[in-house]
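Text of model.cif (mmCIF, N, CA, C and O atoms) as supplied:
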data_coords
loop_
_atom_site.label_atom_id
_atom_site.label_comp_id
_atom_site.auth_asym_id
_atom_site.auth_seq_id
_atom_site.Cartn_x
_atom_site.Cartn_y
_atom_site.Cartn_z
N MET B 1248 69.86 -35.55 -12.28
CA MET B 1248 71.03 -36.39 -12.20
C MET B 1248 71.16 -36.94 -10.78
O MET B 1248 70.92 -36.25 -9.82
N ARG B 1249 71.59 -38.18 -10.73
CA ARG B 1249 71.83 -38.78 -9.43
C ARG B 1249 73.17 -38.30 -8.88
O ARG B 1249 74.01 -37.76 -9.59
N ARG B 1250 73.35 -38.52 -7.59
CA ARG B 1250 74.56 -38.04 -6.92
C ARG B 1250 75.82 -38.66 -7.50
O ARG B 1250 76.84 -37.99 -7.67
N ILE B 1251 75.78 -39.94 -7.85
CA ILE B 1251 76.97 -40.61 -8.40
C ILE B 1251 77.35 -40.02 -9.75
O ILE B 1251 78.54 -39.91 -10.07
N GLU B 1252 76.38 -39.61 -10.54
CA GLU B 1252 76.68 -38.99 -11.83
C GLU B 1252 77.35 -37.63 -11.65
O GLU B 1252 78.27 -37.28 -12.40
N VAL B 1253 76.90 -36.88 -10.67
CA VAL B 1253 77.51 -35.57 -10.38
C VAL B 1253 78.94 -35.75 -9.90
O VAL B 1253 79.85 -35.06 -10.35
N VAL B 1254 79.14 -36.70 -8.98
CA VAL B 1254 80.49 -36.95 -8.45
C VAL B 1254 81.41 -37.43 -9.56
O VAL B 1254 82.57 -37.00 -9.66
N LEU B 1255 80.92 -38.31 -10.41
CA LEU B 1255 81.73 -38.81 -11.52
C LEU B 1255 82.10 -37.70 -12.50
O LEU B 1255 83.26 -37.63 -12.95
N SER B 1256 81.17 -36.84 -12.83
CA SER B 1256 81.47 -35.76 -13.77
C SER B 1256 82.45 -34.76 -13.16
O SER B 1256 83.36 -34.27 -13.85
N ILE B 1257 82.30 -34.44 -11.87
CA ILE B 1257 83.25 -33.55 -11.21
C ILE B 1257 84.64 -34.18 -11.17
O ILE B 1257 85.65 -33.52 -11.38
N GLY B 1258 84.70 -35.48 -10.92
CA GLY B 1258 85.99 -36.18 -10.92
C GLY B 1258 86.66 -36.17 -12.28
O GLY B 1258 87.87 -35.98 -12.38
N LEU B 1259 85.88 -36.37 -13.33
CA LEU B 1259 86.45 -36.34 -14.68
C LEU B 1259 86.94 -34.94 -15.06
O LEU B 1259 87.98 -34.79 -15.70
N ILE B 1260 86.20 -33.92 -14.66
CA ILE B 1260 86.63 -32.54 -14.94
C ILE B 1260 87.91 -32.24 -14.17
O ILE B 1260 88.85 -31.64 -14.72
N ALA B 1261 87.98 -32.66 -12.92
CA ALA B 1261 89.19 -32.44 -12.12
C ALA B 1261 90.38 -33.18 -12.71
O ALA B 1261 91.49 -32.63 -12.78
N ALA B 1262 90.18 -34.41 -13.17
CA ALA B 1262 91.27 -35.17 -13.78
C ALA B 1262 91.75 -34.49 -15.06
O ALA B 1262 92.96 -34.43 -15.32
N GLY B 1263 90.83 -33.96 -15.83
CA GLY B 1263 91.21 -33.25 -17.05
C GLY B 1263 92.00 -31.99 -16.74
O GLY B 1263 92.99 -31.70 -17.42
N LEU B 1264 91.57 -31.24 -15.73
CA LEU B 1264 92.31 -30.04 -15.35
C LEU B 1264 93.70 -30.38 -14.83
O LEU B 1264 94.68 -29.69 -15.13
N ILE B 1265 93.80 -31.45 -14.07
CA ILE B 1265 95.11 -31.87 -13.54
C ILE B 1265 96.04 -32.27 -14.69
O ILE B 1265 97.21 -31.87 -14.71
N CYS B 1266 95.53 -33.04 -15.64
CA CYS B 1266 96.36 -33.45 -16.78
C CYS B 1266 96.77 -32.25 -17.63
O CYS B 1266 97.92 -32.16 -18.08
N LEU B 1267 95.84 -31.33 -17.86
CA LEU B 1267 96.15 -30.14 -18.65
C LEU B 1267 97.19 -29.28 -17.95
O LEU B 1267 98.13 -28.78 -18.57
N THR B 1268 97.06 -29.13 -16.64
CA THR B 1268 98.02 -28.34 -15.88
C THR B 1268 99.38 -29.01 -15.85
O THR B 1268 100.41 -28.35 -15.98
N MET B 1269 99.39 -30.33 -15.68
CA MET B 1269 100.67 -31.05 -15.63
C MET B 1269 101.43 -30.90 -16.95
O MET B 1269 102.62 -30.64 -16.96
N SER B 1270 100.73 -31.06 -18.06
CA SER B 1270 101.41 -30.94 -19.35
C SER B 1270 101.87 -29.51 -19.60
O SER B 1270 102.92 -29.29 -20.20
N GLY B 1271 101.10 -28.54 -19.14
CA GLY B 1271 101.50 -27.15 -19.34
C GLY B 1271 102.64 -26.73 -18.45
O GLY B 1271 103.49 -25.93 -18.83
N SER B 1272 102.69 -27.25 -17.23
CA SER B 1272 103.75 -26.83 -16.31
C SER B 1272 105.06 -27.58 -16.56
O SER B 1272 106.13 -27.04 -16.33
N LEU B 1273 105.00 -28.80 -17.01
CA LEU B 1273 106.23 -29.55 -17.28
C LEU B 1273 106.94 -29.07 -18.54
O LEU B 1273 108.10 -29.39 -18.77
N MET B 1274 106.23 -28.29 -19.36
CA MET B 1274 106.82 -27.78 -20.58
C MET B 1274 107.91 -26.75 -20.28
O MET B 1274 108.89 -26.65 -21.00
N PHE B 1275 107.75 -25.99 -19.19
CA PHE B 1275 108.70 -24.93 -18.88
C PHE B 1275 109.71 -25.37 -17.83
O PHE B 1275 110.88 -25.53 -18.10
N GLU B 1276 109.26 -25.54 -16.61
CA GLU B 1276 110.13 -25.93 -15.50
C GLU B 1276 109.39 -26.93 -14.64
O GLU B 1276 108.18 -27.04 -14.71
N GLN B 1277 110.12 -27.63 -13.81
CA GLN B 1277 109.49 -28.55 -12.89
C GLN B 1277 109.50 -27.95 -11.50
O GLN B 1277 110.50 -27.40 -11.05
N GLY B 1278 108.37 -28.03 -10.85
CA GLY B 1278 108.26 -27.51 -9.49
C GLY B 1278 106.80 -27.28 -9.16
O GLY B 1278 105.97 -27.05 -10.03
N ILE B 1279 106.50 -27.33 -7.88
CA ILE B 1279 105.12 -27.19 -7.43
C ILE B 1279 104.62 -25.76 -7.62
O ILE B 1279 103.44 -25.54 -7.90
N ALA B 1280 105.51 -24.77 -7.50
CA ALA B 1280 105.11 -23.37 -7.69
C ALA B 1280 104.70 -23.12 -9.13
O ALA B 1280 103.70 -22.43 -9.38
N VAL B 1281 105.43 -23.69 -10.07
CA VAL B 1281 105.08 -23.54 -11.49
C VAL B 1281 103.77 -24.25 -11.77
O VAL B 1281 102.92 -23.75 -12.53
N TYR B 1282 103.57 -25.40 -11.15
CA TYR B 1282 102.32 -26.15 -11.34
C TYR B 1282 101.12 -25.33 -10.87
O TYR B 1282 100.12 -25.22 -11.58
N PHE B 1283 101.20 -24.76 -9.66
CA PHE B 1283 100.08 -23.98 -9.13
C PHE B 1283 99.85 -22.71 -9.94
O PHE B 1283 98.70 -22.29 -10.14
N LYS B 1284 100.92 -22.07 -10.40
CA LYS B 1284 100.78 -20.87 -11.22
C LYS B 1284 100.06 -21.21 -12.53
O LYS B 1284 99.15 -20.49 -12.95
N THR B 1285 100.44 -22.30 -13.16
CA THR B 1285 99.79 -22.73 -14.39
C THR B 1285 98.34 -23.12 -14.13
O THR B 1285 97.45 -22.80 -14.92
N PHE B 1286 98.07 -23.77 -12.99
CA PHE B 1286 96.71 -24.16 -12.64
C PHE B 1286 95.80 -22.94 -12.48
O PHE B 1286 94.68 -22.91 -12.98
N VAL B 1287 96.30 -21.92 -11.79
CA VAL B 1287 95.51 -20.69 -11.60
C VAL B 1287 95.27 -20.01 -12.94
O VAL B 1287 94.16 -19.53 -13.20
N GLN B 1288 96.28 -19.96 -13.80
CA GLN B 1288 96.10 -19.33 -15.11
C GLN B 1288 95.07 -20.08 -15.94
O GLN B 1288 94.23 -19.45 -16.60
N ILE B 1289 95.10 -21.40 -15.92
CA ILE B 1289 94.13 -22.18 -16.68
C ILE B 1289 92.73 -21.95 -16.14
O ILE B 1289 91.78 -21.76 -16.91
N CYS B 1290 92.58 -21.94 -14.82
CA CYS B 1290 91.26 -21.71 -14.23
C CYS B 1290 90.74 -20.31 -14.56
O CYS B 1290 89.55 -20.14 -14.81
N LEU B 1291 91.62 -19.31 -14.55
CA LEU B 1291 91.18 -17.96 -14.90
C LEU B 1291 90.79 -17.86 -16.36
O LEU B 1291 89.77 -17.23 -16.70
N TRP B 1292 91.57 -18.46 -17.26
CA TRP B 1292 91.24 -18.41 -18.69
C TRP B 1292 89.95 -19.16 -18.99
O TRP B 1292 89.26 -18.85 -19.96
N MET B 1293 89.61 -20.15 -18.18
CA MET B 1293 88.35 -20.86 -18.37
C MET B 1293 87.21 -20.16 -17.65
O MET B 1293 86.08 -20.14 -18.14
N GLY B 1294 87.49 -19.57 -16.49
CA GLY B 1294 86.44 -18.99 -15.67
C GLY B 1294 85.93 -17.65 -16.16
O GLY B 1294 84.72 -17.38 -16.09
N VAL B 1295 86.80 -16.81 -16.66
CA VAL B 1295 86.38 -15.48 -17.11
C VAL B 1295 85.36 -15.55 -18.24
O VAL B 1295 84.31 -14.90 -18.16
N PRO B 1296 85.59 -16.33 -19.30
CA PRO B 1296 84.55 -16.41 -20.34
C PRO B 1296 83.24 -17.01 -19.86
O PRO B 1296 82.16 -16.57 -20.26
N ILE B 1297 83.32 -17.99 -18.96
CA ILE B 1297 82.09 -18.60 -18.43
C ILE B 1297 81.30 -17.58 -17.63
O ILE B 1297 80.07 -17.49 -17.76
N ILE B 1298 81.98 -16.79 -16.82
CA ILE B 1298 81.29 -15.76 -16.03
C ILE B 1298 80.70 -14.69 -16.94
O ILE B 1298 79.56 -14.26 -16.74
N LEU B 1299 81.45 -14.26 -17.96
CA LEU B 1299 80.93 -13.25 -18.88
C LEU B 1299 79.70 -13.74 -19.62
O LEU B 1299 78.71 -13.01 -19.76
N VAL B 1300 79.74 -14.96 -20.11
CA VAL B 1300 78.58 -15.52 -20.81
C VAL B 1300 77.40 -15.63 -19.85
O VAL B 1300 76.26 -15.33 -20.23
N GLY B 1301 77.65 -16.02 -18.62
CA GLY B 1301 76.57 -16.11 -17.63
C GLY B 1301 75.94 -14.76 -17.33
O GLY B 1301 74.72 -14.65 -17.23
N VAL B 1302 76.76 -13.72 -17.21
CA VAL B 1302 76.24 -12.38 -16.94
C VAL B 1302 75.41 -11.90 -18.13
O VAL B 1302 74.31 -11.36 -17.95
N PHE B 1303 75.92 -12.08 -19.35
CA PHE B 1303 75.16 -11.67 -20.54
C PHE B 1303 73.86 -12.46 -20.66
O PHE B 1303 72.83 -11.91 -21.04
N TYR B 1304 73.89 -13.71 -20.31
CA TYR B 1304 72.67 -14.53 -20.35
C TYR B 1304 71.63 -14.03 -19.35
O TYR B 1304 70.45 -13.94 -19.66
N LEU B 1305 72.09 -13.68 -18.15
CA LEU B 1305 71.16 -13.14 -17.14
C LEU B 1305 70.55 -11.81 -17.60
O LEU B 1305 69.36 -11.57 -17.41
N PHE B 1306 71.39 -10.93 -18.19
CA PHE B 1306 70.85 -9.68 -18.73
C PHE B 1306 69.85 -9.95 -19.84
O PHE B 1306 68.82 -9.28 -19.93
N TYR B 1307 70.12 -10.92 -20.68
CA TYR B 1307 69.22 -11.26 -21.77
C TYR B 1307 67.88 -11.78 -21.23
O TYR B 1307 66.82 -11.40 -21.72
N ILE B 1308 67.93 -12.61 -20.21
CA ILE B 1308 66.71 -13.14 -19.61
C ILE B 1308 65.91 -12.02 -18.94
O ILE B 1308 64.69 -11.94 -19.09
N LYS B 1309 66.60 -11.14 -18.21
CA LYS B 1309 65.91 -10.04 -17.54
C LYS B 1309 65.28 -9.09 -18.56
O LYS B 1309 64.17 -8.61 -18.37
N ARG B 1310 65.99 -8.80 -19.63
CA ARG B 1310 65.48 -7.91 -20.67
C ARG B 1310 64.32 -8.55 -21.41
O ARG B 1310 63.37 -7.87 -21.79
N GLY B 1311 64.36 -9.84 -21.59
CA GLY B 1311 63.29 -10.55 -22.28
C GLY B 1311 62.00 -10.54 -21.51
O GLY B 1311 60.91 -10.58 -22.09
N ASP B 1312 62.07 -10.48 -20.18
CA ASP B 1312 60.86 -10.44 -19.37
C ASP B 1312 60.14 -9.11 -19.48
O ASP B 1312 58.93 -9.04 -19.37
N LYS B 1313 60.86 -8.03 -19.71
CA LYS B 1313 60.27 -6.69 -19.75
C LYS B 1313 59.61 -6.38 -21.09
O LYS B 1313 58.75 -5.53 -21.18
N ILE B 1314 60.03 -7.04 -22.13
CA ILE B 1314 59.49 -6.74 -23.47
C ILE B 1314 58.20 -7.46 -23.70
O ILE B 1314 57.87 -8.48 -23.36
#
As structure tokens, please, write out the structure in this file.
Amino acid sequence: MRRIEVVLSIGLIAAGLICLTMSGSLMFEQGIAVYFKTFVQICLWMGVPIILVGVFYLFYIKRGDKI
């Protein structure tokens, strides 16, 4: 991928996270603290499964080399 494609994809992911966080935080209360709390929760709920799948994938690859 070229650099512009990487920058564009990162920008689109960031815009999606911002929109998702904005809609989630405006549902309860308005304020920057609520926005950041919702942003952290969304990132954790997305990050934990990605990390777990990555760890299991690495174990699978390492185990596959030994067999």
Please report, as JSON, the centre and edge lengths in Å to one decimal of an axis-aligned box covering all listed atoms of segment 1248-1261 of chain B with 8 Å per side.
{"center_x": 80.7, "center_y": -36.1, "center_z": -11.3, "size_x": 37.6, "size_y": 25.0, "size_z": 24.8}
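Here atom CA of Ala1280 of chain B and atom CA of Ile1265 of chain B stand 14.4 Å from one another.
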Worksheet item: Do you know which residues the PyMOL selection byres (((chain B and resi 1270-1272 and name CA) around 12) and name CA) returns on this file, as a PyMOL selection string?
Response: chain B and resi 1263-1269+1273-1289
